[in-house]
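Listing of run.csv; format and content: CSV, C-alpha atoms.
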chain,number,residue,atom,x,y,z
G,1,MET,CA,52.1,35.1,153.7
G,2,ARG,CA,53.7,34.4,150.3
G,3,PRO,CA,51.7,37.1,148.4
G,4,LEU,CA,52.6,39.6,151.1
G,5,LEU,CA,56.3,38.8,150.6
G,6,LEU,CA,55.9,39.2,146.8
G,7,LYS,CA,54.2,42.6,147.2
G,8,ALA,CA,56.9,43.8,149.6
G,9,GLY,CA,59.6,42.6,147.2
G,10,ALA,CA,58.1,44.3,144.2
G,11,THR,CA,57.7,47.5,146.2
G,12,LEU,CA,61.3,47.4,147.3
G,13,LEU,CA,62.5,46.8,143.8
G,14,THR,CA,60.4,49.7,142.5
G,15,LEU,CA,61.8,52.0,145.2
G,16,LEU,CA,65.3,50.9,144.5
G,17,ALA,CA,64.9,51.5,140.8
G,18,ALA,CA,63.3,55.0,141.4
G,19,GLY,CA,66.0,55.9,143.8
G,20,GLY,CA,68.8,54.7,141.5
G,21,SER,CA,67.3,56.6,138.5
G,22,ALA,CA,67.0,59.8,140.6
G,23,GLY,CA,70.6,59.4,141.7
G,24,TYR,CA,71.8,58.9,138.2
G,25,VAL,CA,69.9,61.9,136.9
G,26,ALA,CA,71.1,64.1,139.7
G,27,GLY,CA,74.7,63.1,139.0
G,28,HIS,CA,74.5,63.9,135.3
G,29,LEU,CA,72.7,67.3,135.3
G,30,LYS,CA,73.7,69.5,132.3
G,31,THR,CA,76.1,72.1,133.6
G,32,GLY,CA,74.5,75.5,133.7
G,33,SER,CA,77.7,77.1,132.7
G,34,ALA,CA,78.3,74.8,129.7
G,35,PRO,CA,78.9,76.7,126.4
G,36,LEU,CA,75.9,77.2,124.2
G,37,HIS,CA,75.7,75.4,120.8
G,38,PRO,CA,76.1,76.7,118.2
G,39,ALA,CA,78.8,78.8,119.8
G,40,VAL,CA,77.8,81.9,118.0
G,41,VAL,CA,74.5,82.1,120.0
G,42,GLY,CA,76.4,83.5,123.0
G,43,GLN,CA,78.6,85.9,121.0
G,44,PRO,CA,77.8,89.5,120.3
G,45,ALA,CA,76.2,90.4,117.1
G,46,ALA,CA,78.6,90.4,114.1
G,47,THR,CA,77.5,92.9,111.5
G,48,GLY,CA,79.3,94.7,108.8
G,49,ARG,CA,81.6,91.8,107.9
G,50,LEU,CA,81.4,88.8,105.5
G,51,VAL,CA,81.2,85.4,107.2
G,52,LEU,CA,82.2,82.3,105.2
G,53,SER,CA,81.6,78.7,106.2
G,54,PRO,CA,84.0,76.1,104.8
G,55,SER,CA,81.6,75.2,102.0
G,56,VAL,CA,82.0,78.6,100.4
G,57,LYS,CA,85.2,79.5,98.5
G,58,SER,CA,86.4,83.0,97.7
G,59,GLY,CA,88.9,84.2,95.1
G,60,GLU,CA,90.7,87.1,93.7
G,61,VAL,CA,89.1,87.0,90.3
G,62,ALA,CA,86.7,89.6,89.0
G,63,ALA,CA,83.1,88.9,89.7
G,64,VAL,CA,80.8,88.3,86.7
G,65,THR,CA,77.7,89.4,88.6
G,66,SER,CA,76.5,90.5,92.1
G,67,THR,CA,73.9,89.4,94.5
G,68,ARG,CA,73.2,93.0,95.4
G,69,ALA,CA,69.5,93.7,94.9
G,70,SER,CA,68.7,95.9,91.9
M,1,MET,CA,86.2,78.5,78.9
M,2,PRO,CA,84.4,81.7,77.8
M,3,HIS,CA,80.9,82.4,78.7
M,4,GLU,CA,78.0,84.1,77.0
M,5,GLU,CA,75.6,86.4,78.9
M,6,LEU,CA,72.4,88.4,78.5
M,7,ARG,CA,71.3,91.3,80.6
M,8,PHE,CA,67.7,92.4,80.5
M,9,ARG,CA,65.0,94.1,82.6
M,10,SER,CA,62.2,92.1,84.0
M,11,LEU,CA,60.4,91.5,87.3
M,12,GLY,CA,61.0,95.2,88.1
M,13,SER,CA,64.7,94.4,88.4
M,14,ASN,CA,68.0,93.9,86.5
M,15,CYS,CA,68.3,90.3,85.3
M,16,HIS,CA,71.5,88.6,84.2
M,17,LEU,CA,71.9,85.2,82.6
M,18,LEU,CA,75.3,83.6,82.0
M,19,ILE,CA,76.2,80.3,80.3
M,20,ALA,CA,79.7,78.8,80.2
M,21,GLY,CA,80.5,77.8,76.6
M,22,ALA,CA,78.2,78.1,73.7
M,23,ALA,CA,74.8,79.2,74.7
M,24,GLY,CA,72.9,78.9,71.4
M,25,ASP,CA,69.5,80.4,71.9
M,26,ARG,CA,69.2,79.3,75.5
M,27,LEU,CA,69.8,82.9,76.9
M,28,THR,CA,67.0,84.4,74.8
M,29,ARG,CA,64.7,81.5,75.6
M,30,GLY,CA,65.5,82.0,79.3
M,31,ALA,CA,64.7,85.7,79.2
M,32,ALA,CA,61.4,84.9,77.4
M,33,TRP,CA,60.6,82.4,80.2
M,34,VAL,CA,61.2,85.1,82.8
M,35,ALA,CA,59.0,87.6,81.0
M,36,GLY,CA,56.3,85.0,80.7
M,37,MET,CA,56.5,84.2,84.4
M,38,HIS,CA,56.3,87.9,85.2
M,39,ASP,CA,53.2,88.3,83.2
M,40,ARG,CA,51.6,85.4,85.0
M,41,PHE,CA,52.6,86.3,88.6
M,42,SER,CA,52.7,90.1,88.7
M,43,ARG,CA,50.2,91.7,91.0
M,44,PHE,CA,50.3,94.8,88.8
M,45,ILE,CA,48.8,93.1,85.8
M,46,PRO,CA,45.0,92.8,86.2
M,47,GLY,CA,44.8,89.7,84.0
M,48,SER,CA,47.7,87.8,85.6
M,49,GLU,CA,47.0,84.5,87.2
M,50,LEU,CA,48.0,86.0,90.6
M,51,SER,CA,45.6,88.9,90.2
M,52,ARG,CA,42.8,86.5,89.3
M,53,PHE,CA,43.6,84.4,92.3
M,54,ASN,CA,43.6,87.4,94.6
M,55,ARG,CA,40.2,88.6,93.2
M,56,ALA,CA,38.8,85.1,94.0
M,57,ALA,CA,39.6,85.5,97.8
M,58,GLY,CA,36.7,84.4,99.9
M,59,SER,CA,35.1,82.4,97.1
M,60,GLY,CA,36.4,79.0,98.0
M,61,TRP,CA,38.8,76.7,96.2
M,62,THR,CA,40.2,78.2,93.0
M,63,ALA,CA,41.9,76.2,90.2
M,64,VAL,CA,45.6,77.2,89.8
M,65,SER,CA,48.4,76.1,87.5
M,66,GLY,CA,51.2,73.8,88.5
M,67,GLU,CA,53.6,76.7,88.8
M,68,MET,CA,51.2,78.8,90.9
M,69,GLU,CA,50.6,75.8,93.2
M,70,ALA,CA,54.3,75.4,93.5
M,71,LEU,CA,54.8,79.0,94.3
M,72,LEU,CA,52.0,79.0,96.9
M,73,ARG,CA,53.5,75.9,98.5
M,74,ALA,CA,56.9,77.6,98.5
M,75,ALA,CA,55.3,80.7,100.2
M,76,LEU,CA,53.9,78.5,103.0
M,77,ALA,CA,57.2,76.7,103.4
M,78,ALA,CA,59.0,80.0,103.6
M,79,HIS,CA,56.5,81.2,106.3
M,80,GLU,CA,57.2,78.1,108.3
M,81,LEU,CA,60.9,78.2,107.9
M,82,SER,CA,61.1,81.8,109.0
M,83,GLY,CA,58.8,81.5,111.9
M,84,GLY,CA,56.3,83.7,110.2
M,85,LEU,CA,58.6,86.5,109.2
M,86,VAL,CA,58.5,85.8,105.5
M,87,HIS,CA,54.9,86.4,104.8
M,88,THR,CA,53.5,86.5,101.3
M,89,GLY,CA,50.0,87.4,102.5
M,90,LEU,CA,50.9,91.1,103.1
M,91,LEU,CA,49.2,92.5,100.0
M,92,GLY,CA,46.9,94.6,102.1
M,93,ALA,CA,49.7,95.9,104.2
M,94,ILE,CA,51.8,96.7,101.1
M,95,ARG,CA,49.0,98.6,99.6
M,96,ALA,CA,48.6,100.5,102.9
M,97,THR,CA,52.1,101.8,102.6
M,98,GLY,CA,51.2,103.4,99.2
M,99,TYR,CA,53.0,100.7,97.1
M,100,THR,CA,49.8,100.1,95.1
M,101,ARG,CA,51.4,100.2,91.6
M,102,SER,CA,54.8,99.9,90.0
M,103,LEU,CA,57.1,102.4,91.7
M,104,ALA,CA,58.0,103.7,88.3
M,105,LEU,CA,54.6,105.3,88.4
M,106,GLY,CA,55.1,106.6,91.9
M,107,PRO,CA,53.5,105.6,95.2
M,108,THR,CA,50.1,106.6,96.4
M,109,ALA,CA,49.0,108.0,99.7
M,110,PRO,CA,49.6,105.5,102.6
M,111,GLY,CA,46.8,104.3,104.8
M,112,PRO,CA,46.6,102.7,108.3
M,113,ALA,CA,48.9,99.8,108.9
M,114,VAL,CA,47.5,96.3,108.5
M,115,ALA,CA,49.2,93.4,110.3
M,116,PRO,CA,47.9,90.1,108.8
M,117,PRO,CA,47.2,86.8,110.6
M,118,PRO,CA,49.6,83.9,110.1
M,119,LEU,CA,49.7,82.8,106.4
M,120,PRO,CA,48.3,79.3,106.9
M,121,GLU,CA,45.2,81.0,108.4
M,122,ILE,CA,44.5,82.9,105.1
M,123,LEU,CA,46.0,80.6,102.4
M,124,GLN,CA,45.5,76.9,101.9
M,125,VAL,CA,46.8,74.9,99.0
M,126,ARG,CA,45.8,71.5,97.6
M,127,PRO,CA,46.7,69.8,94.3
M,128,THR,CA,45.8,72.1,91.4
M,129,ALA,CA,43.8,74.5,93.7
M,130,GLY,CA,44.3,77.3,96.3
M,131,ARG,CA,42.0,79.1,98.6
M,132,LEU,CA,42.3,82.6,100.1
M,133,ALA,CA,40.3,83.9,103.1
M,134,PRO,CA,38.0,86.8,102.4
M,135,GLY,CA,39.8,90.1,102.0
M,136,ALA,CA,43.2,88.3,101.9
M,137,GLY,CA,45.7,88.8,99.1
M,138,VAL,CA,49.1,87.4,98.1
M,139,ASP,CA,52.1,89.1,96.8
M,140,LEU,CA,54.8,86.7,95.5
M,141,GLY,CA,57.4,89.4,95.1
M,142,GLY,CA,59.2,88.2,98.2
M,143,ILE,CA,59.9,84.7,97.1
M,144,ALA,CA,59.3,84.5,93.3
M,145,LYS,CA,62.7,85.7,92.1
M,146,GLY,CA,64.7,83.1,94.0
M,147,TRP,CA,62.2,80.4,93.1
M,148,MET,CA,62.4,81.3,89.4
M,149,ALA,CA,66.2,81.5,89.5
M,150,ASP,CA,66.4,77.9,90.8
M,151,ARG,CA,64.1,76.6,88.1
M,152,LEU,CA,65.5,78.6,85.3
M,153,ALA,CA,69.0,77.3,86.1
M,154,VAL,CA,67.6,73.8,85.6
M,155,ARG,CA,65.9,74.8,82.4
M,156,LEU,CA,69.1,76.4,81.0
M,157,GLY,CA,71.0,73.2,81.9
M,158,GLY,CA,74.7,72.6,82.2
M,159,ASN,CA,77.0,75.3,83.6
M,160,CYS,CA,75.1,78.5,84.1
M,161,LEU,CA,74.2,81.3,86.4
M,162,VAL,CA,70.8,82.9,86.7
M,163,ASN,CA,70.6,86.3,88.5
M,164,LEU,CA,67.1,87.8,88.8
M,165,GLY,CA,67.4,91.1,90.7
M,166,GLY,CA,70.1,89.9,93.0
M,167,ASP,CA,68.6,86.5,93.8
M,168,LEU,CA,70.8,84.1,91.9
M,169,TYR,CA,71.6,80.4,91.4
M,170,ALA,CA,75.0,79.3,90.2
M,171,ARG,CA,74.9,75.9,88.6
M,172,GLY,CA,78.0,74.0,87.7
M,173,SER,CA,81.6,75.0,88.2
M,174,GLY,CA,81.6,78.2,86.3
M,175,PRO,CA,83.6,79.3,83.2
M,176,ASP,CA,87.0,78.5,84.7
M,177,GLY,CA,86.0,75.4,86.7
M,178,ALA,CA,86.5,77.1,90.1
M,179,GLY,CA,83.0,78.2,90.6
M,180,TRP,CA,81.0,81.2,89.4
M,181,PRO,CA,82.6,84.4,90.7
M,182,VAL,CA,79.9,86.5,92.4
M,183,ALA,CA,80.4,89.7,94.3
M,184,MET,CA,79.1,89.8,97.9
M,185,GLY,CA,80.1,91.9,100.8
M,186,GLY,CA,83.1,93.4,99.0
M,187,ARG,CA,84.6,90.1,98.1
M,188,THR,CA,84.3,87.6,95.2
M,189,LEU,CA,82.8,84.3,96.2
M,190,LEU,CA,83.1,81.3,93.9
M,191,LEU,CA,79.7,79.6,93.9
M,192,GLU,CA,79.1,76.1,92.6
M,193,ASP,CA,75.6,74.6,92.8
M,194,GLN,CA,74.7,77.3,95.4
M,195,GLY,CA,72.2,80.1,95.6
M,196,ALA,CA,72.6,83.6,96.9
M,197,ALA,CA,70.3,86.5,97.6
M,198,THR,CA,70.2,89.9,99.1
M,199,SER,CA,67.4,91.5,101.1
M,200,GLY,CA,67.6,95.2,101.7
M,201,THR,CA,65.6,98.3,102.6
M,202,ARG,CA,67.4,100.7,100.3
M,203,SER,CA,66.0,99.7,97.0
M,204,ARG,CA,62.3,100.2,96.3
M,205,SER,CA,62.0,103.0,98.9
M,206,TRP,CA,60.3,106.3,98.8
M,207,GLU,CA,59.3,109.3,100.9
M,208,HIS,CA,55.8,110.5,101.6
M,209,ALA,CA,55.0,113.6,103.8
M,210,GLY,CA,58.4,113.4,105.4
M,211,GLU,CA,58.0,109.7,106.3
M,212,HIS,CA,60.4,107.1,104.8
M,213,PHE,CA,58.9,103.9,103.3
M,214,HIS,CA,60.4,100.8,101.7
M,215,HIS,CA,59.0,97.6,100.3
M,216,LEU,CA,60.2,95.2,103.0
M,217,LEU,CA,57.4,94.9,105.5
M,218,ASP,CA,57.5,93.4,109.0
M,219,PRO,CA,54.4,91.1,109.3
M,220,ARG,CA,54.4,91.7,113.1
M,221,THR,CA,53.5,95.4,112.5
M,222,GLY,CA,52.4,95.6,108.9
M,223,ARG,CA,54.8,98.5,108.5
M,224,PRO,CA,58.2,98.8,106.8
M,225,SER,CA,60.8,97.0,108.9
M,226,SER,CA,63.1,99.1,111.1
M,227,THR,CA,65.2,96.5,112.9
M,228,GLY,CA,68.5,98.2,112.7
M,229,LEU,CA,69.7,96.3,109.6
M,230,SER,CA,69.6,97.7,106.1
M,231,GLU,CA,70.9,94.8,104.0
M,232,VAL,CA,71.6,91.1,104.4
M,233,SER,CA,73.2,88.9,101.8
M,234,VAL,CA,73.2,85.1,102.1
M,235,VAL,CA,74.6,82.1,100.3
M,236,SER,CA,72.6,78.9,100.7
M,237,GLY,CA,71.8,75.7,98.9
M,238,THR,CA,69.3,77.3,96.7
M,239,ALA,CA,68.3,80.8,95.7
M,240,THR,CA,64.9,80.2,97.3
M,241,ASP,CA,66.4,79.4,100.6
M,242,ALA,CA,68.9,82.2,100.4
M,243,GLU,CA,66.1,84.7,99.8
M,244,VAL,CA,64.1,83.4,102.8
M,245,HIS,CA,67.2,83.4,105.1
M,246,ALA,CA,68.2,86.9,104.0
M,247,LYS,CA,64.8,88.3,104.6
M,248,THR,CA,64.4,86.5,107.9
M,249,ALA,CA,67.7,87.8,109.2
M,250,LEU,CA,67.0,91.3,108.2
M,251,LEU,CA,63.6,91.2,110.0
M,252,LEU,CA,65.2,89.6,113.1
M,253,GLY,CA,67.6,92.5,113.5
M,254,PRO,CA,71.3,92.8,114.6
M,255,GLY,CA,70.7,91.0,117.9
M,256,SER,CA,69.5,87.7,116.5
M,257,ALA,CA,70.5,87.7,112.8
M,258,PRO,CA,74.1,86.4,113.2
M,259,ALA,CA,72.9,83.4,115.3
M,260,TYR,CA,70.1,82.6,112.9
M,261,LEU,CA,72.5,82.9,109.9
M,262,ALA,CA,75.1,80.7,111.6
M,263,GLY,CA,72.5,77.9,111.8
M,264,HIS,CA,71.0,78.4,108.3
M,265,ALA,CA,73.4,80.0,105.8
M,266,GLN,CA,76.7,79.0,104.2
M,267,ALA,CA,77.9,82.6,104.0
M,268,TRP,CA,76.5,85.9,104.9
M,269,TRP,CA,77.0,89.6,105.0
M,270,VAL,CA,75.0,91.8,107.4
M,271,MET,CA,74.9,95.6,107.0
M,272,PRO,CA,73.7,97.8,109.9
M,273,ALA,CA,71.2,100.6,109.0
Hey, can you dump this file as structure tokens for me?
Amino acid sequence: MRPLLLKAGATLLTLLAAGGSAGYVAGHLKTGSAPLHPAVVGQPAATGRLVLSPSVKSGEVAAVTSTRAS
Amino acid sequence: MPHEELRFRSLGSNCHLLIAGAAGDRLTRGAAWVAGMHDRFSRFIPGSELSRFNRAAGSGWTAVSGEMEALLRAALAAHELSGGLVHTGLLGAIRATGYTRSLALGPTAPGPAVAPPPLPEILQVRPTAGRLAPGAGVDLGGIAKGWMADRLAVRLGGNCLVNLGGDLYARGSGPDGAGWPVAMGGRTLLLEDQGAATSGTRSRSWEHAGEHFHHLLDPRTGRPSSTGLSEVSVVSGTATDAEVHAKTALLLGPGSAPAYLAGHAQAWWVMPA
């Protein structure tokens, strides 16, 4: 009788854990309408303009050379 | 602080070296280093190390110099980083466009397009040796200038800028301490320990029988790219990376290039065709 009780208890615990996990996952699904990262992925193509990240400085001084291919 | 500079022609391009402060003979030694690398890695010189390596395709492992090994590894890294778009194993496809010799001598008649297999399938590298599949060939023109700019900046030392045909590395804080002023996209950027490069379809282009050709091939087709972009300039951590990112973005086209660049570049300029 005792082994049967142990098996039933283990089965119950397993089912509870599975059910709890499924409930948690269902409650924390990624929102389909969440913004994409990086944000630019969802933006239209940006061409014909210079884009600078904060790590690049610009200035008003005359350039000494150019990256333009030659 | 003033700077000294030297302009010269090498690698089929205009080259420009600048050093803040007294340069001594470093500029002329730098130019000599570039000329020496050109002689070793030009596909147009039959006796170059690159030409010998290409001729050994299909004959197993071939001994290569340390620089050649590093360049071949950089080529494989660029292929991986670009998802296969930066492909140095396009020698057959380049020749098929008629770019069989220096364009100063004029192109030859084009042949059928040749789309190559992925680079790792035709090129393998191990310490001091490389191996090319039968019939395969490597053209390092797509990555060598950036790679050389990064290394020459280290060789020159101190506060310097190396510009090899538009692929450049700015080392140090420049002559005025605010960064090296570099023209890009109509603005002046102040670069400090950063690389920049431009990839475009306007230079090294030609016409044959009414058809327009240029040197930038799309490995997916084996033909000159026609993605809707004519020029991409990029700032990145090194000239090598900038060159890879610029070429990748140009081959991706206007739909995907901005997103790619947002994830890989520090600054960029994209010009539609």
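The residue that comes closest to Trp269 of chain M, out of G:Leu16, G:Leu50, G:Val25, G:Ala10 and on the basis of only C-alpha atoms, is G:Leu50.
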>> Please find the residues of chain M near chain G - the criterion being any atom within 9 Å, counting only C-alpha atoms - and write them as an MDAnalysis selection string.
In response: chainID M and resid 12:16 18 163:168 178:192 194 196:200 203:204 229 233:235 254:260 262:263 265:272
> Do you know which residues are at most 9 Å from Arg155 of chain M counting all atoms listed in the file, after dropping those on the same chain fewer than 5 positions away, and could you put them as JSON, numbers by chain?
Replying inline: {"M": [26, 30, 150]}
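In this model, the gap between atom CA of Pro2 of chain M and atom CA of Ala242 of chain M comes to 27.4 Å.
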> Any idea what the distance is between atom CA of Gly172 of chain M and atom CA of Ala75 of chain M?
Replying inline: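 Between these atoms lies a distance of 26.8 Å.
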>> (54.1, 86.4, 98.8) in this file's frame - what residues fall within 10 Å of it? Use all atoms listed in the file and give the answer as a list of chain:residue names.
In response: M:Leu71, M:Leu72, M:Ala74, M:Ala75, M:Leu76, M:Ala78, M:His79, M:Val86, M:His87, M:Thr88, M:Gly89, M:Leu90, M:Leu91, M:Leu119, M:Gly137, M:Val138, M:Asp139, M:Leu140, M:Gly141, M:Gly142, M:Ile143, M:Ala144
